[in-house]
file protein28.cif (mmCIF, C-alpha atoms)
data_coords
loop_
_atom_site.group_PDB
_atom_site.id
_atom_site.type_symbol
_atom_site.label_atom_id
_atom_site.label_comp_id
_atom_site.auth_asym_id
_atom_site.auth_seq_id
_atom_site.Cartn_x
_atom_site.Cartn_y
_atom_site.Cartn_z
ATOM 1 C CA THR A 1 -179.246 38.536 -20.343
ATOM 2 C CA MET A 2 -181.447 40.204 -22.925
ATOM 3 C CA LEU A 3 -183.551 37.180 -23.843
ATOM 4 C CA ASN A 4 -184.262 34.348 -21.455
ATOM 5 C CA VAL A 5 -186.413 31.402 -22.548
ATOM 6 C CA ARG A 6 -187.225 28.740 -19.969
ATOM 7 C CA ASP A 7 -188.939 25.362 -20.277
ATOM 8 C CA LEU A 8 -190.942 26.257 -23.378
ATOM 9 C CA HIS A 9 -193.431 23.719 -24.731
ATOM 10 C CA GLN A 10 -195.548 24.097 -27.845
ATOM 11 C CA TYR A 11 -197.918 21.774 -29.675
ATOM 12 C CA TYR A 12 -199.607 21.791 -33.063
ATOM 13 C CA GLY A 13 -202.693 19.678 -32.554
ATOM 14 C CA GLY A 14 -201.456 16.482 -30.930
ATOM 15 C CA SER A 15 -197.851 16.959 -32.070
ATOM 16 C CA HIS A 16 -195.458 18.092 -29.347
ATOM 17 C CA ILE A 17 -193.195 20.444 -31.341
ATOM 18 C CA LEU A 18 -191.127 22.238 -28.682
ATOM 19 C CA ARG A 19 -190.083 20.173 -25.670
ATOM 20 C CA ASP A 20 -188.617 21.928 -22.667
ATOM 21 C CA VAL A 21 -186.662 24.498 -24.712
ATOM 22 C CA SER A 22 -184.424 26.869 -22.757
ATOM 23 C CA LEU A 23 -181.927 29.390 -24.119
ATOM 24 C CA GLU A 24 -180.335 32.746 -23.418
ATOM 25 C CA ALA A 25 -179.229 35.509 -25.769
ATOM 26 C CA ARG A 26 -176.871 38.122 -24.349
ATOM 27 C CA PRO A 27 -176.168 41.685 -25.520
ATOM 28 C CA GLY A 28 -173.473 42.057 -28.161
ATOM 29 C CA GLU A 29 -173.521 38.371 -29.086
ATOM 30 C CA VAL A 30 -174.870 36.403 -32.018
ATOM 31 C CA THR A 31 -176.946 33.427 -30.964
ATOM 32 C CA ALA A 32 -177.613 30.822 -33.652
ATOM 33 C CA LEU A 33 -180.236 28.121 -33.580
ATOM 34 C CA LEU A 34 -179.317 25.153 -35.741
ATOM 35 C CA GLY A 35 -181.194 21.983 -36.594
ATOM 36 C CA ARG A 36 -182.614 19.975 -39.447
ATOM 37 C CA ASN A 37 -185.960 20.708 -41.058
ATOM 38 C CA GLY A 38 -188.987 20.066 -38.892
ATOM 39 C CA VAL A 39 -187.380 20.274 -35.440
ATOM 40 C CA GLY A 40 -189.200 23.465 -34.395
ATOM 41 C CA LYS A 41 -186.814 26.344 -35.144
ATOM 42 C CA THR A 42 -189.480 28.466 -36.841
ATOM 43 C CA THR A 43 -192.038 27.551 -34.177
ATOM 44 C CA LEU A 44 -189.660 28.753 -31.460
ATOM 45 C CA LEU A 45 -189.046 32.068 -33.226
ATOM 46 C CA ARG A 46 -192.778 32.529 -33.778
ATOM 47 C CA CYS A 47 -193.290 31.918 -30.041
ATOM 48 C CA LEU A 48 -190.648 34.539 -29.230
ATOM 49 C CA MET A 49 -192.545 37.076 -31.327
ATOM 50 C CA GLY A 50 -195.968 36.142 -29.956
ATOM 51 C CA LEU A 51 -197.236 34.880 -33.308
ATOM 52 C CA VAL A 52 -197.777 31.446 -31.749
ATOM 53 C CA PRO A 53 -198.625 31.163 -28.047
ATOM 54 C CA ALA A 54 -196.395 28.867 -25.992
ATOM 55 C CA ARG A 55 -198.350 26.168 -24.155
ATOM 56 C CA THR A 56 -196.095 26.358 -21.105
ATOM 57 C CA GLY A 57 -192.804 27.965 -20.144
ATOM 58 C CA SER A 58 -191.658 31.565 -20.034
ATOM 59 C CA ILE A 59 -190.044 34.166 -22.269
ATOM 60 C CA GLU A 60 -188.347 37.149 -20.632
ATOM 61 C CA TRP A 61 -186.894 40.152 -22.405
ATOM 62 C CA SER A 62 -184.620 42.472 -20.418
ATOM 63 C CA GLY A 63 -185.926 40.968 -17.186
ATOM 64 C CA LYS A 64 -189.628 41.398 -18.007
ATOM 65 C CA SER A 65 -192.074 38.705 -19.053
ATOM 66 C CA LEU A 66 -193.334 38.698 -22.625
ATOM 67 C CA ASP A 67 -195.875 35.970 -21.878
ATOM 68 C CA GLY A 68 -199.250 36.826 -23.356
ATOM 69 C CA LEU A 69 -198.067 39.985 -25.151
ATOM 70 C CA PRO A 70 -199.109 40.381 -28.816
ATOM 71 C CA PRO A 71 -196.461 40.784 -31.539
ATOM 72 C CA HIS A 72 -196.781 44.585 -31.815
ATOM 73 C CA ALA A 73 -196.108 44.946 -28.069
ATOM 74 C CA ARG A 74 -192.967 42.825 -28.420
ATOM 75 C CA VAL A 75 -191.791 45.014 -31.303
ATOM 76 C CA ALA A 76 -192.455 48.094 -29.161
ATOM 77 C CA ARG A 77 -190.178 46.559 -26.493
ATOM 78 C CA GLY A 78 -187.308 46.229 -28.973
ATOM 79 C CA LEU A 79 -187.687 42.920 -30.813
ATOM 80 C CA GLY A 80 -187.382 42.841 -34.602
ATOM 81 C CA PHE A 81 -188.340 39.864 -36.769
ATOM 82 C CA VAL A 82 -187.528 38.781 -40.297
ATOM 83 C CA PRO A 83 -189.802 35.802 -40.996
ATOM 84 C CA GLN A 84 -188.965 32.812 -43.133
ATOM 85 C CA GLY A 85 -190.201 33.555 -46.638
ATOM 86 C CA ARG A 86 -189.640 37.315 -46.115
ATOM 87 C CA GLU A 87 -193.357 38.266 -46.149
ATOM 88 C CA ILE A 88 -192.800 41.635 -47.737
ATOM 89 C CA PHE A 89 -195.755 43.534 -49.204
ATOM 90 C CA PRO A 90 -195.408 42.754 -52.930
ATOM 91 C CA ARG A 91 -197.642 45.589 -54.182
ATOM 92 C CA LEU A 92 -195.995 48.275 -52.033
ATOM 93 C CA THR A 93 -192.822 49.979 -53.212
ATOM 94 C CA VAL A 94 -189.487 49.302 -51.538
ATOM 95 C CA GLU A 95 -189.741 52.679 -49.792
ATOM 96 C CA GLU A 96 -193.303 51.952 -48.590
ATOM 97 C CA ASN A 97 -192.242 48.521 -47.309
ATOM 98 C CA LEU A 98 -189.442 50.138 -45.325
ATOM 99 C CA LYS A 99 -191.769 52.758 -43.867
ATOM 100 C CA VAL A 100 -194.089 49.999 -42.601
ATOM 101 C CA GLY A 101 -191.174 48.904 -40.414
ATOM 102 C CA ALA A 102 -191.105 52.334 -38.772
ATOM 103 C CA ALA A 103 -194.731 52.180 -37.596
ATOM 104 C CA ARG A 104 -193.764 52.334 -33.901
ATOM 105 C CA LYS A 105 -191.475 55.333 -34.341
ATOM 106 C CA LYS A 106 -192.368 59.016 -34.495
ATOM 107 C CA THR A 107 -190.818 59.360 -37.954
ATOM 108 C CA ASP A 108 -190.761 57.072 -40.958
ATOM 109 C CA ALA A 109 -187.696 58.737 -42.472
ATOM 110 C CA ILE A 110 -185.360 56.124 -43.896
ATOM 111 C CA PRO A 111 -181.889 56.571 -42.394
ATOM 112 C CA ALA A 112 -178.957 56.960 -44.794
ATOM 113 C CA ALA A 113 -177.180 54.155 -42.903
ATOM 114 C CA LEU A 114 -179.850 51.684 -44.012
ATOM 115 C CA TYR A 115 -179.284 52.563 -47.656
ATOM 116 C CA GLU A 116 -175.531 52.297 -47.064
ATOM 117 C CA LEU A 117 -176.042 48.794 -45.676
ATOM 118 C CA PHE A 118 -178.350 47.807 -48.565
ATOM 119 C CA PRO A 119 -177.516 50.071 -51.556
ATOM 120 C CA VAL A 120 -179.786 48.076 -53.885
ATOM 121 C CA LEU A 121 -182.789 49.247 -51.853
ATOM 122 C CA LYS A 122 -181.928 52.904 -52.529
ATOM 123 C CA SER A 123 -181.596 52.341 -56.253
ATOM 124 C CA MET A 124 -184.913 50.454 -56.332
ATOM 125 C CA LYS A 125 -186.907 52.438 -53.757
ATOM 126 C CA GLY A 126 -189.690 53.199 -56.256
ATOM 127 C CA ARG A 127 -190.102 49.597 -57.454
ATOM 128 C CA ARG A 128 -192.703 47.231 -56.090
ATOM 129 C CA GLY A 129 -191.414 44.723 -53.566
ATOM 130 C CA GLY A 130 -192.816 41.831 -55.595
ATOM 131 C CA ASP A 131 -190.672 42.825 -58.587
ATOM 132 C CA LEU A 132 -187.406 42.319 -56.666
ATOM 133 C CA SER A 133 -185.291 39.175 -56.814
ATOM 134 C CA GLY A 134 -185.281 36.815 -53.834
ATOM 135 C CA GLY A 135 -182.019 38.247 -52.525
ATOM 136 C CA GLN A 136 -183.280 41.801 -52.918
ATOM 137 C CA GLN A 137 -186.522 40.906 -51.133
ATOM 138 C CA GLN A 138 -184.491 39.441 -48.260
ATOM 139 C CA GLN A 139 -182.511 42.653 -47.974
ATOM 140 C CA LEU A 140 -185.823 44.545 -47.975
ATOM 141 C CA ALA A 141 -187.231 42.318 -45.205
ATOM 142 C CA ILE A 142 -184.118 42.854 -43.067
ATOM 143 C CA GLY A 143 -184.193 46.591 -43.795
ATOM 144 C CA ARG A 144 -187.864 46.743 -42.819
ATOM 145 C CA ALA A 145 -187.083 45.078 -39.475
ATOM 146 C CA LEU A 146 -184.147 47.445 -38.895
ATOM 147 C CA MET A 147 -186.427 50.461 -39.428
ATOM 148 C CA GLY A 148 -187.893 49.778 -35.977
ATOM 149 C CA GLU A 149 -184.401 50.065 -34.446
ATOM 150 C CA PRO A 150 -184.652 46.735 -32.621
ATOM 151 C CA ALA A 151 -182.371 45.844 -29.744
ATOM 152 C CA LEU A 152 -182.726 42.199 -30.825
ATOM 153 C CA LEU A 153 -183.059 41.154 -34.460
ATOM 154 C CA ILE A 154 -184.513 37.673 -34.986
ATOM 155 C CA LEU A 155 -183.925 36.223 -38.445
ATOM 156 C CA ASP A 156 -185.605 33.001 -39.591
ATOM 157 C CA GLU A 157 -183.671 31.339 -42.441
ATOM 158 C CA PRO A 158 -182.082 34.643 -43.533
ATOM 159 C CA THR A 159 -180.149 33.158 -46.459
ATOM 160 C CA GLU A 160 -182.801 30.771 -47.793
ATOM 161 C CA GLY A 161 -183.025 30.869 -51.582
ATOM 162 C CA ILE A 162 -180.377 33.540 -51.994
ATOM 163 C CA GLN A 163 -177.388 33.151 -54.267
ATOM 164 C CA PRO A 164 -174.034 32.863 -52.462
ATOM 165 C CA SER A 165 -172.604 36.147 -53.814
ATOM 166 C CA ILE A 166 -175.512 38.102 -52.255
ATOM 167 C CA ILE A 167 -175.053 36.242 -48.949
ATOM 168 C CA LYS A 168 -171.344 37.163 -48.951
ATOM 169 C CA ASP A 169 -172.193 40.851 -49.589
#
call {"tool": "encode", "arguments": {"input": "protein28.cif", "output": "structure tokens"}}
result
Amino acid sequence: TMLNVRDLHQYYGGSHILRDVSLEARPGEVTALLGRNGVGKTTLLRCLMGLVPARTGSIEWSGKSLDGLPPHARVARGLGFVPQGREIFPRLTVEENLKVGAARKKTDAIPAALYELFPVLKSMKGRRGGDLSGGQQQQLAIGRALMGEPALLILDEPTEGIQPSIIKD
């Protein structure tokens, strides 16, 4: 098991958001978390990345505890995250946004395979991130996360606000 979450609890103020959540994600598999709005999906993903501390429970990655580790340490261990709402840097160019994703690597060279996966990013690499459409910004956010070569890519609402033809592509 790559990711092992056990008995996770999280609160916002007096509201008990995550109640005894346990899940496993195994190598080579896609694990999907489904549920209606407000049930804690984003909170769980933010806990996995260390953006929100879990009140109780444990998160293990490749057999080692992530409890108490900050987000950058989790990225260094191989987790990648595409947050809901994309959170790109609107004033940076596409190329600069991508290079931010390579901060933990020795080189910030953008691999040709990334531009093959998202050709629109290559054609717009000099444009500011904030000037891209929602679908293009989502591709940029995913590309930025892939720049860190994660072993696990966590995507929060990856198709939100994107037209169906872009999702299909």
call {"tool": "closest_residue", "arguments": {"input": "protein28.cif", "among": "A:Gly135, A:Asn37, A:Phe81, A:Phe89", "to": "Lys168 of chain A", "atoms": "all atoms listed in the file"}}
result
A:Gly135
call {"tool": "residues_around", "arguments": {"input": "protein28.cif", "residues": "Ala141 of chain A", "least_positions_apart": "5", "cutoff": "8 Å", "atoms": "all atoms listed in the file", "output": "number ranges by chain"}}
result
A: 82, 86-88
call {"tool": "closest_residue", "arguments": {"input": "protein28.cif", "among": "A:Ile110, A:Ala73, A:Leu140, A:Ile17", "to": "Arg128 of chain A", "atoms": "all atoms listed in the file"}}
result
A:Leu140
call {"tool": "closest_residue", "arguments": {"input": "protein28.cif", "among": "A:Ala151, A:Val39, A:Val100, A:Val21", "to": "Met2 of chain A", "atoms": "only C-alpha atoms"}}
result
A:Ala151
call {"tool": "residues_around", "arguments": {"input": "protein28.cif", "residues": "Gly57 of chain A", "least_positions_apart": "6", "cutoff": "6 Å", "atoms": "all atoms listed in the file", "output": "mmCIF file with C-alpha atoms, in the coordinates of the input"}}
result
data_model
loop_
_atom_site.group_PDB
_atom_site.id
_atom_site.type_symbol
_atom_site.label_atom_id
_atom_site.label_comp_id
_atom_site.auth_asym_id
_atom_site.auth_seq_id
_atom_site.Cartn_x
_atom_site.Cartn_y
_atom_site.Cartn_z
ATOM 1 C CA ARG A 6 -187.225 28.740 -19.969
ATOM 2 C CA ASP A 7 -188.939 25.362 -20.277
ATOM 3 C CA LEU A 8 -190.942 26.257 -23.378
#
call {"tool": "residues_near_point", "arguments": {"input": "protein28.cif", "point": "(-202.0, 35.6, -28.4)", "cutoff": "6 Å", "atoms": "only C-alpha atoms", "output": "JSON, numbers by chain"}}
result
{"A": [53, 68, 70]}
call {"tool": "closest_residue", "arguments": {"input": "protein28.cif", "among": "A:Gly80, A:Leu155, A:Pro71, A:Met124", "to": "Cys47 of chain A", "atoms": "only C-alpha atoms"}}
result
A:Pro71
call {"tool": "residues_around", "arguments": {"input": "protein28.cif", "residues": "Leu98 of chain A", "least_positions_apart": "4", "cutoff": "7 Å", "atoms": "all atoms listed in the file", "output": "list of chain:residue names"}}
result
A:Val94, A:Gly143, A:Arg144, A:Met147
call {"tool": "closest_residue", "arguments": {"input": "protein28.cif", "among": "A:Asp169, A:Arg55, A:Val75, A:Thr93", "to": "Phe118 of chain A", "atoms": "all atoms listed in the file"}}
result
A:Asp169
call {"tool": "closest_residue", "arguments": {"input": "protein28.cif", "among": "A:Leu69, A:Pro119, A:Gly130, A:Leu18", "to": "Gly40 of chain A", "atoms": "all atoms listed in the file"}}
result
A:Leu18
call {"tool": "resolve_selection", "arguments": {"input": "protein28.cif", "expression": "the PyMOL selection byres ((chain A and resi 136) around 9)", "output": "PyMOL selection string"}}
result
chain A and resi 118+120-121+129+132-135+137-141+162+166
call {"tool": "residues_around", "arguments": {"input": "protein28.cif", "residues": "Arg26 of chain A", "least_positions_apart": "2", "cutoff": "12 Å", "atoms": "only C-alpha atoms", "output": "PyMOL selection string"}}
result
chain A and resi 1-5+23-24+28-32+61-63+151-152
call {"tool": "atom_distance", "arguments": {"input": "protein28.cif", "atom1": "atom CA of Thr42 of chain A", "atom2": "atom CA of Ile154 of chain A"}}
result
10.6 Å
call {"tool": "resolve_selection", "arguments": {"input": "protein28.cif", "expression": "the PyMOL selection byres ((chain A and resi 148) around 8)", "output": "ChimeraX atom specification"}}
result
/A:75,78,80,101-105,144-147,149-150
call {"tool": "residues_around", "arguments": {"input": "protein28.cif", "residues": "Asp67 of chain A", "least_positions_apart": "4", "cutoff": "9 Å", "atoms": "all atoms listed in the file", "output": "list in words"}}
result
Gly50, Pro53, Ala54, Gly57, Ser58, Ile59 and Glu60 of chain A
call {"tool": "atom_distance", "arguments": {"input": "protein28.cif", "atom1": "atom CA of Asn97 of chain A", "atom2": "atom CA of Val52 of chain A"}}
result
23.8 Å
call {"tool": "atom_distance", "arguments": {"input": "protein28.cif", "atom1": "atom CA of Ile167 of chain A", "atom2": "atom CA of Met49 of chain A"}}
result
24.8 Å
call {"tool": "build_atoms", "arguments": {"input": "protein28.cif", "residues": "segment 126-150 of chain A", "atoms": "N, CA, C and O atoms", "output": "JSON list (two decimals), in the frame of the given file"}}
result
[["chain", "number", "residue", "atom", "x", "y", "z"],
["A", 126, "GLY", "N", -188.39, 52.98, -55.63],
["A", 126, "GLY", "CA", -189.69, 53.20, -56.26],
["A", 126, "GLY", "C", -190.31, 51.95, -56.87],
["A", 126, "GLY", "O", -191.45, 51.99, -57.33],
["A", 127, "ARG", "N", -189.58, 50.84, -56.86],
["A", 127, "ARG", "CA", -190.10, 49.60, -57.45],
["A", 127, "ARG", "C", -190.95, 48.84, -56.46],
["A", 127, "ARG", "O", -190.75, 48.92, -55.25],
["A", 128, "ARG", "N", -191.88, 48.07, -56.96],
["A", 128, "ARG", "CA", -192.70, 47.23, -56.09],
["A", 128, "ARG", "C", -191.86, 46.11, -55.49],
["A", 128, "ARG", "O", -191.01, 45.53, -56.17],
["A", 129, "GLY", "N", -192.15, 45.78, -54.25],
["A", 129, "GLY", "CA", -191.41, 44.72, -53.57],
["A", 129, "GLY", "C", -191.49, 43.39, -54.29],
["A", 129, "GLY", "O", -190.53, 42.63, -54.31],
["A", 130, "GLY", "N", -192.64, 43.10, -54.89],
["A", 130, "GLY", "CA", -192.82, 41.83, -55.60],
["A", 130, "GLY", "C", -192.01, 41.71, -56.87],
["A", 130, "GLY", "O", -191.86, 40.62, -57.40],
["A", 131, "ASP", "N", -191.48, 42.84, -57.37],
["A", 131, "ASP", "CA", -190.67, 42.82, -58.59],
["A", 131, "ASP", "C", -189.19, 42.57, -58.31],
["A", 131, "ASP", "O", -188.41, 42.45, -59.25],
["A", 132, "LEU", "N", -188.81, 42.53, -57.03],
["A", 132, "LEU", "CA", -187.41, 42.32, -56.67],
["A", 132, "LEU", "C", -187.05, 40.84, -56.71],
["A", 132, "LEU", "O", -187.92, 39.98, -56.55],
["A", 133, "SER", "N", -185.77, 40.56, -56.88],
["A", 133, "SER", "CA", -185.29, 39.17, -56.81],
["A", 133, "SER", "C", -185.40, 38.67, -55.37],
["A", 133, "SER", "O", -185.61, 39.46, -54.44],
["A", 134, "GLY", "N", -185.22, 37.39, -55.18],
["A", 134, "GLY", "CA", -185.28, 36.82, -53.83],
["A", 134, "GLY", "C", -184.27, 37.44, -52.89],
["A", 134, "GLY", "O", -184.59, 37.76, -51.74],
["A", 135, "GLY", "N", -183.05, 37.64, -53.36],
["A", 135, "GLY", "CA", -182.02, 38.25, -52.52],
["A", 135, "GLY", "C", -182.34, 39.69, -52.19],
["A", 135, "GLY", "O", -182.11, 40.16, -51.06],
["A", 136, "GLN", "N", -182.89, 40.41, -53.16],
["A", 136, "GLN", "CA", -183.28, 41.80, -52.92],
["A", 136, "GLN", "C", -184.46, 41.87, -51.94],
["A", 136, "GLN", "O", -184.49, 42.73, -51.06],
["A", 137, "GLN", "N", -185.39, 40.95, -52.06],
["A", 137, "GLN", "CA", -186.52, 40.91, -51.13],
["A", 137, "GLN", "C", -186.04, 40.60, -49.71],
["A", 137, "GLN", "O", -186.57, 41.14, -48.75],
["A", 138, "GLN", "N", -185.03, 39.75, -49.59],
["A", 138, "GLN", "CA", -184.49, 39.44, -48.26],
["A", 138, "GLN", "C", -183.84, 40.68, -47.66],
["A", 138, "GLN", "O", -184.01, 40.97, -46.47],
["A", 139, "GLN", "N", -183.10, 41.41, -48.46],
["A", 139, "GLN", "CA", -182.51, 42.65, -47.97],
["A", 139, "GLN", "C", -183.61, 43.63, -47.55],
["A", 139, "GLN", "O", -183.48, 44.32, -46.53],
["A", 140, "LEU", "N", -184.69, 43.68, -48.31],
["A", 140, "LEU", "CA", -185.82, 44.54, -47.98],
["A", 140, "LEU", "C", -186.46, 44.12, -46.65],
["A", 140, "LEU", "O", -186.77, 44.96, -45.80],
["A", 141, "ALA", "N", -186.63, 42.82, -46.45],
["A", 141, "ALA", "CA", -187.23, 42.32, -45.20],
["A", 141, "ALA", "C", -186.35, 42.66, -44.00],
["A", 141, "ALA", "O", -186.85, 43.06, -42.95],
["A", 142, "ILE", "N", -185.04, 42.51, -44.16],
["A", 142, "ILE", "CA", -184.12, 42.85, -43.07],
["A", 142, "ILE", "C", -184.15, 44.36, -42.83],
["A", 142, "ILE", "O", -184.21, 44.83, -41.69],
["A", 143, "GLY", "N", -184.12, 45.14, -43.92],
["A", 143, "GLY", "CA", -184.19, 46.59, -43.80],
["A", 143, "GLY", "C", -185.47, 47.04, -43.10],
["A", 143, "GLY", "O", -185.45, 47.93, -42.25],
["A", 144, "ARG", "N", -186.58, 46.41, -43.45],
["A", 144, "ARG", "CA", -187.86, 46.74, -42.82],
["A", 144, "ARG", "C", -187.80, 46.50, -41.31],
["A", 144, "ARG", "O", -188.23, 47.32, -40.51],
["A", 145, "ALA", "N", -187.22, 45.37, -40.91],
["A", 145, "ALA", "CA", -187.08, 45.08, -39.48],
["A", 145, "ALA", "C", -186.16, 46.08, -38.80],
["A", 145, "ALA", "O", -186.41, 46.50, -37.67],
["A", 146, "LEU", "N", -185.09, 46.49, -39.47],
["A", 146, "LEU", "CA", -184.15, 47.44, -38.90],
["A", 146, "LEU", "C", -184.75, 48.85, -38.75],
["A", 146, "LEU", "O", -184.30, 49.62, -37.91],
["A", 147, "MET", "N", -185.77, 49.15, -39.52],
["A", 147, "MET", "CA", -186.43, 50.46, -39.43],
["A", 147, "MET", "C", -187.01, 50.71, -38.04],
["A", 147, "MET", "O", -187.15, 51.84, -37.62],
["A", 148, "GLY", "N", -187.37, 49.64, -37.33],
["A", 148, "GLY", "CA", -187.89, 49.78, -35.98],
["A", 148, "GLY", "C", -186.82, 49.92, -34.92],
["A", 148, "GLY", "O", -187.12, 49.97, -33.73],
["A", 149, "GLU", "N", -185.55, 49.96, -35.34],
["A", 149, "GLU", "CA", -184.40, 50.06, -34.45],
["A", 149, "GLU", "C", -184.45, 49.04, -33.31],
["A", 149, "GLU", "O", -184.40, 49.40, -32.13],
["A", 150, "PRO", "N", -184.54, 47.76, -33.66],
["A", 150, "PRO", "CA", -184.65, 46.74, -32.62],
["A", 150, "PRO", "C", -183.36, 46.55, -31.83],
["A", 150, "PRO", "O", -182.26, 46.73, -32.37]]
